[in-house]
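Single-structure report; data block below.
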Amino acid sequence: MGEPSQIALPLAARAPAGALRIVVGSANAAVIEALQTPEHWPFHVAVLIGPPRSGKTVLGRWVQSLHGAGQLDVIDDAETLDETALFHRWNAVQQGGSREGSALLLIANADPDHGGWRIALPDLASRIGGSLQLEIRAPDDEMAGELILAHAQQRGLILADGASDYLVPRTTRSFAAIEALVAAIDRISLERQTPATMSVWRAALEALHGPEQQRLF
């Protein structure tokens, strides 16, 4: 796979960088490709799961903007909804529902590395199992570096050269941990009123991972 890239998503963002962006890399490239062709989904239904802060909701809104709300329905936090209601919604898509030809994307906050989405209702489980399964995995080192830079850009945070090379081996390889790390760097930089250089990176790593992190410096 080539180097990670970023796609602009048509959503408002609080960051000065403007359009909200999501990094495309090993963890989500196949998911993004599949989301763009709901006409190819088995039974016109896809299920998107992934770890926290991995961009599932953002991707759902993005793909819905490509096809229109009348052509693609997106149900976020699907794992929290009544399973009987979801069962009927799945069946409605097969029958055309109130919008003939519409597809359905179910987004569940379920980490595929910890069992995925566990469904108690047998009829729903069998139907969900027959739908397209899309999983966002943990980022690799290359994507983690791109995520650090993307989060910094969205915050208007200028990182000194070499930030990704220094930080990636020293932090947890997860979307949530990387986002938290950049937030900590930003906070400490503001508190100290100093640029986000190595001393700030070290303080942020220690704040998140504890003093044992010093062994890596």
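Within each chain, counting starts at residue 1; across the structure tokens, chains are named A, B, ... in the order shown, with ligands numbered 1 upward in that order.
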Sel. of helix (DSSP H, G or I) residues, range 69-216 of chain A, as a CSV table (one decimal) with N, CA and C atoms, in the first residue's frame:
chain,number,residue,atom,x,y,z
A,78,ALA,N,-25.4,2.0,16.3
A,78,ALA,CA,-26.4,1.0,16.1
A,78,ALA,C,-26.5,0.0,17.2
A,79,GLU,N,-25.3,-0.2,17.9
A,79,GLU,CA,-25.3,-1.2,18.9
A,79,GLU,C,-26.1,-0.8,20.1
A,80,THR,N,-26.5,0.4,20.2
A,80,THR,CA,-27.3,0.9,21.4
A,80,THR,C,-28.8,0.9,21.1
A,83,GLU,N,-32.9,-4.0,19.1
A,83,GLU,CA,-32.5,-4.9,18.1
A,83,GLU,C,-33.7,-5.3,17.2
A,84,THR,N,-34.9,-5.3,17.8
A,84,THR,CA,-36.1,-5.6,17.0
A,84,THR,C,-36.4,-4.5,16.0
A,85,ALA,N,-36.2,-3.3,16.4
A,85,ALA,CA,-36.3,-2.2,15.4
A,85,ALA,C,-35.3,-2.3,14.3
A,86,LEU,N,-34.1,-2.6,14.6
A,86,LEU,CA,-33.0,-2.8,13.6
A,86,LEU,C,-33.4,-3.9,12.7
A,87,PHE,N,-33.9,-5.0,13.2
A,87,PHE,CA,-34.4,-6.1,12.4
A,87,PHE,C,-35.4,-5.7,11.4
A,88,HIS,N,-36.4,-4.9,11.8
A,88,HIS,CA,-37.4,-4.4,10.9
A,88,HIS,C,-36.8,-3.4,9.9
A,89,ARG,N,-35.8,-2.6,10.3
A,89,ARG,CA,-35.2,-1.7,9.4
A,89,ARG,C,-34.4,-2.4,8.3
A,90,TRP,N,-33.7,-3.5,8.7
A,90,TRP,CA,-33.0,-4.3,7.7
A,90,TRP,C,-34.0,-4.9,6.6
A,91,ASN,N,-35.1,-5.4,7.1
A,91,ASN,CA,-36.1,-6.0,6.2
A,91,ASN,C,-36.7,-4.9,5.3
A,92,ALA,N,-36.9,-3.7,5.9
A,92,ALA,CA,-37.5,-2.6,5.1
A,92,ALA,C,-36.6,-2.2,3.9
A,93,VAL,N,-35.3,-2.3,4.1
A,93,VAL,CA,-34.4,-2.0,3.0
A,93,VAL,C,-34.6,-3.0,1.9
A,94,GLN,N,-34.8,-4.3,2.2
A,94,GLN,CA,-35.0,-5.3,1.2
A,94,GLN,C,-36.2,-5.1,0.4
A,112,PRO,N,-13.2,-4.5,16.6
A,112,PRO,CA,-13.1,-5.8,16.0
A,112,PRO,C,-12.0,-6.7,16.7
A,113,ASP,N,-11.1,-6.1,17.4
A,113,ASP,CA,-10.1,-6.8,18.1
A,113,ASP,C,-10.6,-7.3,19.5
A,114,HIS,N,-11.8,-6.9,19.8
A,114,HIS,CA,-12.4,-7.4,21.1
A,114,HIS,C,-13.8,-7.9,20.9
A,122,PRO,N,-31.3,-13.6,17.5
A,122,PRO,CA,-30.7,-14.5,16.4
A,122,PRO,C,-31.1,-14.1,15.0
A,123,ASP,N,-32.3,-13.6,14.8
A,123,ASP,CA,-32.7,-13.2,13.4
A,123,ASP,C,-31.9,-12.0,12.9
A,124,LEU,N,-31.7,-11.1,13.8
A,124,LEU,CA,-30.9,-9.9,13.4
A,124,LEU,C,-29.5,-10.3,13.2
A,125,ALA,N,-28.9,-11.2,14.1
A,125,ALA,CA,-27.5,-11.6,13.9
A,125,ALA,C,-27.3,-12.2,12.6
A,126,SER,N,-28.2,-13.1,12.2
A,126,SER,CA,-28.0,-13.8,10.9
A,126,SER,C,-28.1,-12.8,9.7
A,127,ARG,N,-29.0,-11.8,9.8
A,127,ARG,CA,-29.1,-10.8,8.7
A,127,ARG,C,-27.9,-9.9,8.7
A,128,ILE,N,-27.4,-9.4,9.9
A,128,ILE,CA,-26.3,-8.6,9.9
A,128,ILE,C,-25.0,-9.4,9.5
A,129,GLY,N,-25.0,-10.6,9.8
A,129,GLY,CA,-23.8,-11.4,9.4
A,129,GLY,C,-23.8,-11.6,7.9
A,141,ASP,N,2.4,2.1,11.8
A,141,ASP,CA,3.3,3.2,12.2
A,141,ASP,C,3.2,4.4,11.2
A,142,GLU,N,3.2,4.1,9.9
A,142,GLU,CA,3.1,5.1,8.9
A,142,GLU,C,1.9,6.0,9.1
A,143,MET,N,0.7,5.3,9.3
A,143,MET,CA,-0.5,6.0,9.4
A,143,MET,C,-0.6,6.8,10.7
A,144,ALA,N,0.0,6.2,11.8
A,144,ALA,CA,0.1,6.9,13.1
A,144,ALA,C,0.8,8.2,12.9
A,145,GLY,N,1.9,8.2,12.2
A,145,GLY,CA,2.6,9.5,12.0
A,145,GLY,C,1.8,10.5,11.2
A,146,GLU,N,1.0,10.1,10.2
A,146,GLU,CA,0.1,11.0,9.5
A,146,GLU,C,-1.0,11.5,10.4
A,147,LEU,N,-1.5,10.6,11.3
A,147,LEU,CA,-2.5,11.1,12.2
A,147,LEU,C,-2.1,12.1,13.1
A,148,ILE,N,-0.8,12.0,13.6
A,148,ILE,CA,-0.3,13.0,14.5
A,148,ILE,C,-0.2,14.4,13.8
A,149,LEU,N,0.3,14.4,12.6
A,149,LEU,CA,0.3,15.6,11.8
A,149,LEU,C,-1.0,16.2,11.5
A,150,ALA,N,-2.0,15.3,11.2
A,150,ALA,CA,-3.3,15.8,10.8
A,150,ALA,C,-4.0,16.4,12.1
A,151,HIS,N,-3.9,15.8,13.2
A,151,HIS,CA,-4.5,16.3,14.4
A,151,HIS,C,-3.9,17.7,14.8
A,152,ALA,N,-2.6,17.7,14.6
A,152,ALA,CA,-1.9,19.0,14.9
A,152,ALA,C,-2.4,20.1,13.9
A,153,GLN,N,-2.5,19.7,12.7
A,153,GLN,CA,-3.0,20.7,11.7
A,153,GLN,C,-4.4,21.2,12.0
A,154,GLN,N,-5.3,20.3,12.4
A,154,GLN,CA,-6.6,20.7,12.8
A,154,GLN,C,-6.7,21.6,14.0
A,155,ARG,N,-5.7,21.5,14.8
A,155,ARG,CA,-5.6,22.4,16.0
A,155,ARG,C,-4.9,23.7,15.8
A,163,ALA,N,8.8,15.4,14.6
A,163,ALA,CA,7.8,15.0,15.7
A,163,ALA,C,7.2,13.6,15.5
A,164,SER,N,6.8,13.3,14.3
A,164,SER,CA,6.2,11.9,14.1
A,164,SER,C,7.2,10.8,14.3
A,165,ASP,N,8.5,11.0,13.8
A,165,ASP,CA,9.5,10.0,14.0
A,165,ASP,C,9.8,9.8,15.5
A,166,TYR,N,9.7,10.8,16.2
A,166,TYR,CA,10.0,10.7,17.7
A,166,TYR,C,8.8,10.1,18.4
A,167,LEU,N,7.6,10.5,18.1
A,167,LEU,CA,6.4,10.2,18.9
A,167,LEU,C,5.9,8.8,18.6
A,168,VAL,N,5.9,8.4,17.4
A,168,VAL,CA,5.2,7.2,17.0
A,168,VAL,C,5.7,6.0,17.7
A,169,PRO,N,7.0,5.8,17.9
A,169,PRO,CA,7.5,4.6,18.6
A,169,PRO,C,7.2,4.6,20.1
A,170,ARG,N,6.8,5.8,20.6
A,170,ARG,CA,6.7,6.0,22.1
A,170,ARG,C,5.2,6.1,22.5
A,175,PHE,N,-6.2,5.1,17.6
A,175,PHE,CA,-6.7,6.4,17.2
A,175,PHE,C,-6.9,7.3,18.4
A,176,ALA,N,-7.5,6.8,19.4
A,176,ALA,CA,-7.8,7.6,20.6
A,176,ALA,C,-6.6,8.1,21.3
A,177,ALA,N,-5.6,7.2,21.4
A,177,ALA,CA,-4.3,7.5,22.1
A,177,ALA,C,-3.6,8.6,21.3
A,178,ILE,N,-3.6,8.5,20.0
A,178,ILE,CA,-2.8,9.5,19.2
A,178,ILE,C,-3.5,10.8,19.3
A,179,GLU,N,-4.8,10.9,19.2
A,179,GLU,CA,-5.6,12.1,19.4
A,179,GLU,C,-5.3,12.7,20.8
A,180,ALA,N,-5.3,11.9,21.8
A,180,ALA,CA,-5.0,12.4,23.2
A,180,ALA,C,-3.6,12.9,23.3
A,181,LEU,N,-2.7,12.3,22.6
A,181,LEU,CA,-1.3,12.7,22.7
A,181,LEU,C,-1.1,14.1,22.1
A,182,VAL,N,-1.7,14.3,20.9
A,182,VAL,CA,-1.6,15.7,20.3
A,182,VAL,C,-2.3,16.7,21.1
A,183,ALA,N,-3.5,16.4,21.7
A,183,ALA,CA,-4.2,17.3,22.6
A,183,ALA,C,-3.3,17.7,23.8
A,184,ALA,N,-2.6,16.7,24.4
A,184,ALA,CA,-1.7,17.0,25.5
A,184,ALA,C,-0.5,17.9,25.1
A,185,ILE,N,0.0,17.6,23.9
A,185,ILE,CA,1.1,18.5,23.4
A,185,ILE,C,0.6,19.9,23.2
A,186,ASP,N,-0.5,20.0,22.7
A,186,ASP,CA,-1.1,21.4,22.5
A,186,ASP,C,-1.3,22.1,23.8
A,187,ARG,N,-1.9,21.4,24.8
A,187,ARG,CA,-2.2,21.9,26.1
A,187,ARG,C,-0.9,22.4,26.8
A,188,ILE,N,0.1,21.5,26.8
A,188,ILE,CA,1.3,21.8,27.5
A,188,ILE,C,2.1,23.0,26.8
A,189,SER,N,2.0,23.0,25.5
A,189,SER,CA,2.7,24.1,24.8
A,189,SER,C,2.0,25.4,25.1
A,190,LEU,N,0.7,25.4,25.2
A,190,LEU,CA,0.0,26.7,25.6
A,190,LEU,C,0.3,27.0,27.0
A,191,GLU,N,0.3,26.1,27.9
A,191,GLU,CA,0.5,26.4,29.3
A,191,GLU,C,2.0,26.9,29.5
A,192,ARG,N,2.9,26.4,28.8
A,192,ARG,CA,4.3,26.9,29.0
A,192,ARG,C,4.6,28.1,28.1
A,198,MET,N,10.8,19.1,21.5
A,198,MET,CA,11.0,17.8,22.1
A,198,MET,C,10.7,17.9,23.6
A,199,SER,N,11.0,18.9,24.3
A,199,SER,CA,10.7,19.0,25.7
A,199,SER,C,9.2,18.9,26.0
A,200,VAL,N,8.4,19.5,25.1
A,200,VAL,CA,6.9,19.4,25.2
A,200,VAL,C,6.5,18.0,24.9
A,201,TRP,N,7.0,17.4,23.9
A,201,TRP,CA,6.6,16.1,23.5
A,201,TRP,C,6.9,15.1,24.7
A,202,ARG,N,8.0,15.3,25.3
A,202,ARG,CA,8.4,14.4,26.4
A,202,ARG,C,7.4,14.6,27.6
A,203,ALA,N,7.0,15.8,27.9
A,203,ALA,CA,6.1,16.1,29.0
A,203,ALA,C,4.7,15.5,28.6
A,204,ALA,N,4.3,15.6,27.4
A,204,ALA,CA,3.0,15.0,27.0
A,204,ALA,C,3.0,13.5,27.1
A,205,LEU,N,4.1,12.8,26.6
A,205,LEU,CA,4.2,11.4,26.7
A,205,LEU,C,4.2,10.9,28.2
A,206,GLU,N,4.9,11.7,29.0
A,206,GLU,CA,4.9,11.3,30.5
A,206,GLU,C,3.6,11.5,31.1
A,207,ALA,N,2.9,12.6,30.7
A,207,ALA,CA,1.5,12.8,31.3
A,207,ALA,C,0.6,11.7,30.9
A,208,LEU,N,0.7,11.1,29.7
A,208,LEU,CA,-0.2,10.1,29.2
A,208,LEU,C,0.2,8.7,29.6
A,209,HIS,N,1.6,8.4,29.6
A,209,HIS,CA,2.1,7.1,29.8
A,209,HIS,C,2.8,6.8,31.1
A,211,PRO,N,6.0,8.0,34.1
A,211,PRO,CA,7.4,8.3,34.1
A,211,PRO,C,8.3,7.2,33.5
A,212,GLU,N,7.7,6.0,33.5
A,212,GLU,CA,8.5,4.9,32.9
A,212,GLU,C,8.8,5.1,31.4
A,213,GLN,N,8.1,6.0,30.8
A,213,GLN,CA,8.3,6.4,29.4
A,213,GLN,C,9.7,7.0,29.2
A,214,GLN,N,10.3,7.5,30.3
A,214,GLN,CA,11.6,8.1,30.2
A,214,GLN,C,12.7,7.1,29.7
A,215,ARG,N,12.4,5.8,29.9
A,215,ARG,CA,13.4,4.9,29.4
A,215,ARG,C,13.7,4.9,27.9
A,216,LEU,N,12.7,5.5,27.2
A,216,LEU,CA,12.9,5.5,25.7
A,216,LEU,C,13.6,6.8,25.3
>> Taking 4 positions as the minimum chain separation for residues in the same chain, which residues sit within 7 Å of Ser131 in chain A when counting only C-alpha atoms? Answer as a ChimeraX atom specification.
In response: /A:42-43,45-47,127
Could you turn the residues from that selection into a file that holds N, CA and C atoms, as a short mmCIF file (atom, residue, chain, number, x, y, z; two decimals), in the first residue's frame?
data_model
loop_
_atom_site.label_atom_id
_atom_site.label_comp_id
_atom_site.auth_asym_id
_atom_site.auth_seq_id
_atom_site.Cartn_x
_atom_site.Cartn_y
_atom_site.Cartn_z
N PRO A 42 -23.97 -6.46 -0.31
CA PRO A 42 -24.95 -7.55 -0.19
C PRO A 42 -26.18 -7.09 0.58
N PHE A 43 -27.35 -7.34 0.01
CA PHE A 43 -28.62 -6.96 0.64
C PHE A 43 -28.74 -5.44 0.83
N VAL A 45 -26.92 -3.49 2.48
CA VAL A 45 -26.63 -3.12 3.86
C VAL A 45 -25.14 -3.35 4.13
N ALA A 46 -24.52 -2.39 4.80
CA ALA A 46 -23.14 -2.54 5.26
C ALA A 46 -23.07 -2.23 6.74
N VAL A 47 -22.16 -2.89 7.42
CA VAL A 47 -21.94 -2.69 8.85
C VAL A 47 -20.50 -2.21 9.03
N ARG A 127 -28.96 -11.78 9.80
CA ARG A 127 -29.06 -10.80 8.72
C ARG A 127 -27.86 -9.85 8.69
#
>> For the structure I just gave you, how does DSSP split range 103-164 of chain A - specifically, which residues are strand (DSSP E)? Reply as a PyMOL selection string.
In response: chain A and resi 103-108+132-135
Please provide the set of residues having any atom within 10 Å of range 49-57 of chain A, restricted to only C-alpha atoms, with same-chain residues fewer than 4 positions apart removed, written as a PDB file with N, CA, C and O atoms, in the first residue's frame.
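What follows is the written file out08.pdb:
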ATOM      1  N   ARG A  21     -10.705  16.681   7.967  1.00  0.00           N
ATOM      2  CA  ARG A  21     -10.031  15.708   7.127  1.00  0.00           C
ATOM      3  C   ARG A  21      -9.862  14.406   7.889  1.00  0.00           C
ATOM      4  O   ARG A  21      -9.812  14.381   9.105  1.00  0.00           O
ATOM      5  N   ILE A  22      -9.773  13.336   7.118  1.00  0.00           N
ATOM      6  CA  ILE A  22      -9.506  12.049   7.732  1.00  0.00           C
ATOM      7  C   ILE A  22      -8.336  11.426   6.995  1.00  0.00           C
ATOM      8  O   ILE A  22      -8.239  11.480   5.769  1.00  0.00           O
ATOM      9  N   VAL A  23      -7.421  10.871   7.742  1.00  0.00           N
ATOM     10  CA  VAL A  23      -6.244  10.245   7.157  1.00  0.00           C
ATOM     11  C   VAL A  23      -6.647   8.899   6.566  1.00  0.00           C
ATOM     12  O   VAL A  23      -7.353   8.110   7.193  1.00  0.00           O
ATOM     13  N   ALA A  27      -5.361   1.213   7.878  1.00  0.00           N
ATOM     14  CA  ALA A  27      -6.468   0.843   8.762  1.00  0.00           C
ATOM     15  C   ALA A  27      -7.840   1.036   8.130  1.00  0.00           C
ATOM     16  O   ALA A  27      -8.805   0.392   8.540  1.00  0.00           O
ATOM     17  N   ASN A  28      -7.938   1.941   7.142  1.00  0.00           N
ATOM     18  CA  ASN A  28      -9.269   2.293   6.653  1.00  0.00           C
ATOM     19  C   ASN A  28      -9.403   2.438   5.146  1.00  0.00           C
ATOM     20  O   ASN A  28     -10.499   2.731   4.654  1.00  0.00           O
ATOM     21  N   VAL A  31     -12.033   0.195   3.633  1.00  0.00           N
ATOM     22  CA  VAL A  31     -13.361   0.619   4.091  1.00  0.00           C
ATOM     23  C   VAL A  31     -13.858   1.794   3.271  1.00  0.00           C
ATOM     24  O   VAL A  31     -15.009   1.814   2.804  1.00  0.00           O
ATOM     25  N   ARG A  61     -21.163  10.227   7.569  1.00  0.00           N
ATOM     26  CA  ARG A  61     -21.724  11.476   7.059  1.00  0.00           C
ATOM     27  C   ARG A  61     -21.172  11.800   5.681  1.00  0.00           C
ATOM     28  O   ARG A  61     -21.884  12.309   4.810  1.00  0.00           O
ATOM     29  N   TRP A  62     -19.890  11.495   5.491  1.00  0.00           N
ATOM     30  CA  TRP A  62     -19.260  11.769   4.208  1.00  0.00           C
ATOM     31  C   TRP A  62     -19.894  10.943   3.094  1.00  0.00           C
ATOM     32  O   TRP A  62     -20.267  11.475   2.039  1.00  0.00           O
ATOM     33  N   VAL A  74     -28.014   6.248   7.182  1.00  0.00           N
ATOM     34  CA  VAL A  74     -26.920   5.931   8.089  1.00  0.00           C
ATOM     35  C   VAL A  74     -27.468   5.906   9.516  1.00  0.00           C
ATOM     36  O   VAL A  74     -28.084   6.874   9.963  1.00  0.00           O
ATOM     37  N   ILE A  75     -27.257   4.805  10.205  1.00  0.00           N
ATOM     38  CA  ILE A  75     -27.655   4.684  11.607  1.00  0.00           C
ATOM     39  C   ILE A  75     -26.390   4.572  12.433  1.00  0.00           C
ATOM     40  O   ILE A  75     -25.669   3.572  12.364  1.00  0.00           O
ATOM     41  N   ASP A  76     -26.106   5.607  13.209  1.00  0.00           N
ATOM     42  CA  ASP A  76     -24.915   5.618  14.064  1.00  0.00           C
ATOM     43  C   ASP A  76     -25.259   5.018  15.427  1.00  0.00           C
ATOM     44  O   ASP A  76     -26.433   4.976  15.823  1.00  0.00           O
ATOM     45  N   ASP A  77     -24.242   4.567  16.137  1.00  0.00           N
ATOM     46  CA  ASP A  77     -24.433   3.926  17.455  1.00  0.00           C
ATOM     47  C   ASP A  77     -25.457   2.807  17.373  1.00  0.00           C
ATOM     48  O   ASP A  77     -26.307   2.642  18.261  1.00  0.00           O
ATOM     49  N   ALA A  78     -25.387   2.029  16.309  1.00  0.00           N
ATOM     50  CA  ALA A  78     -26.402   1.000  16.073  1.00  0.00           C
ATOM     51  C   ALA A  78     -26.457  -0.025  17.195  1.00  0.00           C
ATOM     52  O   ALA A  78     -27.519  -0.610  17.452  1.00  0.00           O
ATOM     53  N   GLU A  79     -25.338  -0.231  17.864  1.00  0.00           N
ATOM     54  CA  GLU A  79     -25.306  -1.242  18.934  1.00  0.00           C
ATOM     55  C   GLU A  79     -26.138  -0.837  20.136  1.00  0.00           C
ATOM     56  O   GLU A  79     -26.457  -1.675  20.990  1.00  0.00           O
ATOM     57  N   LEU A 106     -24.962   0.723   8.865  1.00  0.00           N
ATOM     58  CA  LEU A 106     -25.029   0.635  10.319  1.00  0.00           C
ATOM     59  C   LEU A 106     -23.631   0.842  10.885  1.00  0.00           C
ATOM     60  O   LEU A 106     -22.690   0.120  10.510  1.00  0.00           O
ATOM     61  N   ILE A 107     -23.497   1.807  11.776  1.00  0.00           N
ATOM     62  CA  ILE A 107     -22.211   2.100  12.395  1.00  0.00           C
ATOM     63  C   ILE A 107     -22.290   1.703  13.855  1.00  0.00           C
ATOM     64  O   ILE A 107     -23.167   2.163  14.592  1.00  0.00           O
ATOM     65  N   ALA A 108     -21.378   0.832  14.271  1.00  0.00           N
ATOM     66  CA  ALA A 108     -21.390   0.334  15.649  1.00  0.00           C
ATOM     67  C   ALA A 108     -20.048   0.611  16.309  1.00  0.00           C
ATOM     68  O   ALA A 108     -18.989   0.437  15.696  1.00  0.00           O
ATOM     69  N   ASN A 109     -20.097   1.048  17.551  1.00  0.00           N
ATOM     70  CA  ASN A 109     -18.882   1.280  18.335  1.00  0.00           C
ATOM     71  C   ASN A 109     -18.439  -0.039  18.945  1.00  0.00           C
ATOM     72  O   ASN A 109     -18.658  -0.307  20.116  1.00  0.00           O
ATOM     73  N   ALA A 110     -17.831  -0.850  18.103  1.00  0.00           N
ATOM     74  CA  ALA A 110     -17.389  -2.172  18.540  1.00  0.00           C
ATOM     75  C   ALA A 110     -16.004  -2.412  17.973  1.00  0.00           C
ATOM     76  O   ALA A 110     -15.797  -2.339  16.773  1.00  0.00           O
ATOM     77  N   ASP A 111     -15.065  -2.682  18.835  1.00  0.00           N
ATOM     78  CA  ASP A 111     -13.695  -2.912  18.403  1.00  0.00           C
ATOM     79  C   ASP A 111     -13.570  -4.331  17.855  1.00  0.00           C
ATOM     80  O   ASP A 111     -13.827  -5.308  18.567  1.00  0.00           O
ATOM     81  N   PRO A 112     -13.180  -4.466  16.576  1.00  0.00           N
ATOM     82  CA  PRO A 112     -13.064  -5.813  16.006  1.00  0.00           C
ATOM     83  C   PRO A 112     -12.037  -6.676  16.716  1.00  0.00           C
ATOM     84  O   PRO A 112     -12.120  -7.910  16.661  1.00  0.00           O
ATOM     85  N   ASP A 113     -11.083  -6.074  17.404  1.00  0.00           N
ATOM     86  CA  ASP A 113     -10.079  -6.846  18.138  1.00  0.00           C
ATOM     87  C   ASP A 113     -10.597  -7.347  19.481  1.00  0.00           C
ATOM     88  O   ASP A 113      -9.903  -8.093  20.172  1.00  0.00           O
ATOM     89  N   HIS A 114     -11.830  -6.926  19.845  1.00  0.00           N
ATOM     90  CA  HIS A 114     -12.415  -7.359  21.120  1.00  0.00           C
ATOM     91  C   HIS A 114     -13.822  -7.926  20.917  1.00  0.00           C
ATOM     92  O   HIS A 114     -14.747  -7.643  21.675  1.00  0.00           O
ATOM     93  N   GLY A 116     -15.957  -7.530  18.309  1.00  0.00           N
ATOM     94  CA  GLY A 116     -16.864  -6.876  17.374  1.00  0.00           C
ATOM     95  C   GLY A 116     -18.210  -6.566  17.996  1.00  0.00           C
ATOM     96  O   GLY A 116     -18.346  -6.406  19.206  1.00  0.00           O
ATOM     97  N   TRP A 117     -19.239  -6.510  17.153  1.00  0.00           N
ATOM     98  CA  TRP A 117     -20.596  -6.180  17.578  1.00  0.00           C
ATOM     99  C   TRP A 117     -21.321  -7.471  17.954  1.00  0.00           C
ATOM    100  O   TRP A 117     -21.550  -8.324  17.092  1.00  0.00           O
ATOM    101  N   GLN A 133     -19.388  -6.543   5.803  1.00  0.00           N
ATOM    102  CA  GLN A 133     -18.713  -6.244   7.063  1.00  0.00           C
ATOM    103  C   GLN A 133     -17.484  -5.372   6.794  1.00  0.00           C
ATOM    104  O   GLN A 133     -16.574  -5.786   6.077  1.00  0.00           O
ATOM    105  N   LEU A 134     -17.456  -4.186   7.365  1.00  0.00           N
ATOM    106  CA  LEU A 134     -16.353  -3.250   7.187  1.00  0.00           C
ATOM    107  C   LEU A 134     -15.744  -2.961   8.552  1.00  0.00           C
ATOM    108  O   LEU A 134     -16.459  -2.584   9.483  1.00  0.00           O
ATOM    109  N   GLU A 135     -14.442  -3.129   8.670  1.00  0.00           N
ATOM    110  CA  GLU A 135     -13.765  -2.961   9.954  1.00  0.00           C
ATOM    111  C   GLU A 135     -12.601  -1.987   9.818  1.00  0.00           C
ATOM    112  O   GLU A 135     -11.749  -2.155   8.942  1.00  0.00           O
ATOM    113  N   ILE A 136     -12.577  -0.996  10.683  1.00  0.00           N
ATOM    114  CA  ILE A 136     -11.422  -0.114  10.794  1.00  0.00           C
ATOM    115  C   ILE A 136     -10.505  -0.703  11.853  1.00  0.00           C
ATOM    116  O   ILE A 136     -10.920  -0.923  12.988  1.00  0.00           O
ATOM    117  N   ARG A 137      -9.270  -0.946  11.470  1.00  0.00           N
ATOM    118  CA  ARG A 137      -8.303  -1.551  12.383  1.00  0.00           C
ATOM    119  C   ARG A 137      -7.407  -0.481  12.995  1.00  0.00           C
ATOM    120  O   ARG A 137      -7.501   0.707  12.670  1.00  0.00           O
ATOM    121  N   ALA A 138      -6.518  -0.902  13.858  1.00  0.00           N
ATOM    122  CA  ALA A 138      -5.558   0.023  14.467  1.00  0.00           C
ATOM    123  C   ALA A 138      -4.585   0.513  13.397  1.00  0.00           C
ATOM    124  O   ALA A 138      -4.224  -0.232  12.486  1.00  0.00           O
ATOM    125  N   PRO A 139      -4.145   1.761  13.484  1.00  0.00           N
ATOM    126  CA  PRO A 139      -3.221   2.290  12.479  1.00  0.00           C
ATOM    127  C   PRO A 139      -1.831   1.681  12.608  1.00  0.00           C
ATOM    128  O   PRO A 139      -1.379   1.369  13.708  1.00  0.00           O
ATOM    129  N   SER A 174      -3.200   3.557  18.636  1.00  0.00           N
ATOM    130  CA  SER A 174      -4.655   3.598  18.557  1.00  0.00           C
ATOM    131  C   SER A 174      -5.074   5.010  18.196  1.00  0.00           C
ATOM    132  O   SER A 174      -4.362   5.979  18.482  1.00  0.00           O
ATOM    133  N   PHE A 175      -6.232   5.133  17.564  1.00  0.00           N
ATOM    134  CA  PHE A 175      -6.735   6.446  17.157  1.00  0.00           C
ATOM    135  C   PHE A 175      -6.941   7.344  18.363  1.00  0.00           C
ATOM    136  O   PHE A 175      -6.572   8.525  18.348  1.00  0.00           O
ATOM    137  N   ALA A 176      -7.540   6.792  19.414  1.00  0.00           N
ATOM    138  CA  ALA A 176      -7.837   7.596  20.596  1.00  0.00           C
ATOM    139  C   ALA A 176      -6.559   8.050  21.287  1.00  0.00           C
ATOM    140  O   ALA A 176      -6.455   9.209  21.729  1.00  0.00           O
ATOM    141  N   ALA A 177      -5.578   7.162  21.395  1.00  0.00           N
ATOM    142  CA  ALA A 177      -4.329   7.526  22.073  1.00  0.00           C
ATOM    143  C   ALA A 177      -3.561   8.588  21.303  1.00  0.00           C
ATOM    144  O   ALA A 177      -2.979   9.509  21.896  1.00  0.00           O
ATOM    145  N   ILE A 178      -3.552   8.496  19.995  1.00  0.00           N
ATOM    146  CA  ILE A 178      -2.843   9.481  19.177  1.00  0.00           C
ATOM    147  C   ILE A 178      -3.517  10.842  19.283  1.00  0.00           C
ATOM    148  O   ILE A 178      -2.854  11.876  19.418  1.00  0.00           O
ATOM    149  N   GLU A 179      -4.843  10.853  19.248  1.00  0.00           N
ATOM    150  CA  GLU A 179      -5.564  12.118  19.401  1.00  0.00           C
ATOM    151  C   GLU A 179      -5.294  12.731  20.771  1.00  0.00           C
ATOM    152  O   GLU A 179      -5.075  13.945  20.896  1.00  0.00           O
TER     153      GLU A 179
END
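When CA of Ala103 in chain A is paired with CA of His44 in chain A, their separation reads 4.8 Å.
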> Do you have the CA of Ile158 in chain A-CA of Ala196 in chain A distance handy?
Replying inline: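 These atoms are spaced 6.7 Å apart.
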>> What's the separation between CA of Ser102 in chain A and CA of Asp73 in chain A, in Å to one decimal place?
In response: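 Straight-line distance from CA of Ser102 in chain A to CA of Asp73 in chain A works out to 7.1 Å.
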>> When you count only C-alpha atoms, which of these residues is closest to Gln64 in chain A: A:Leu35, A:Leu132, A:Leu48, A:Ala29?
In response: A:Leu35
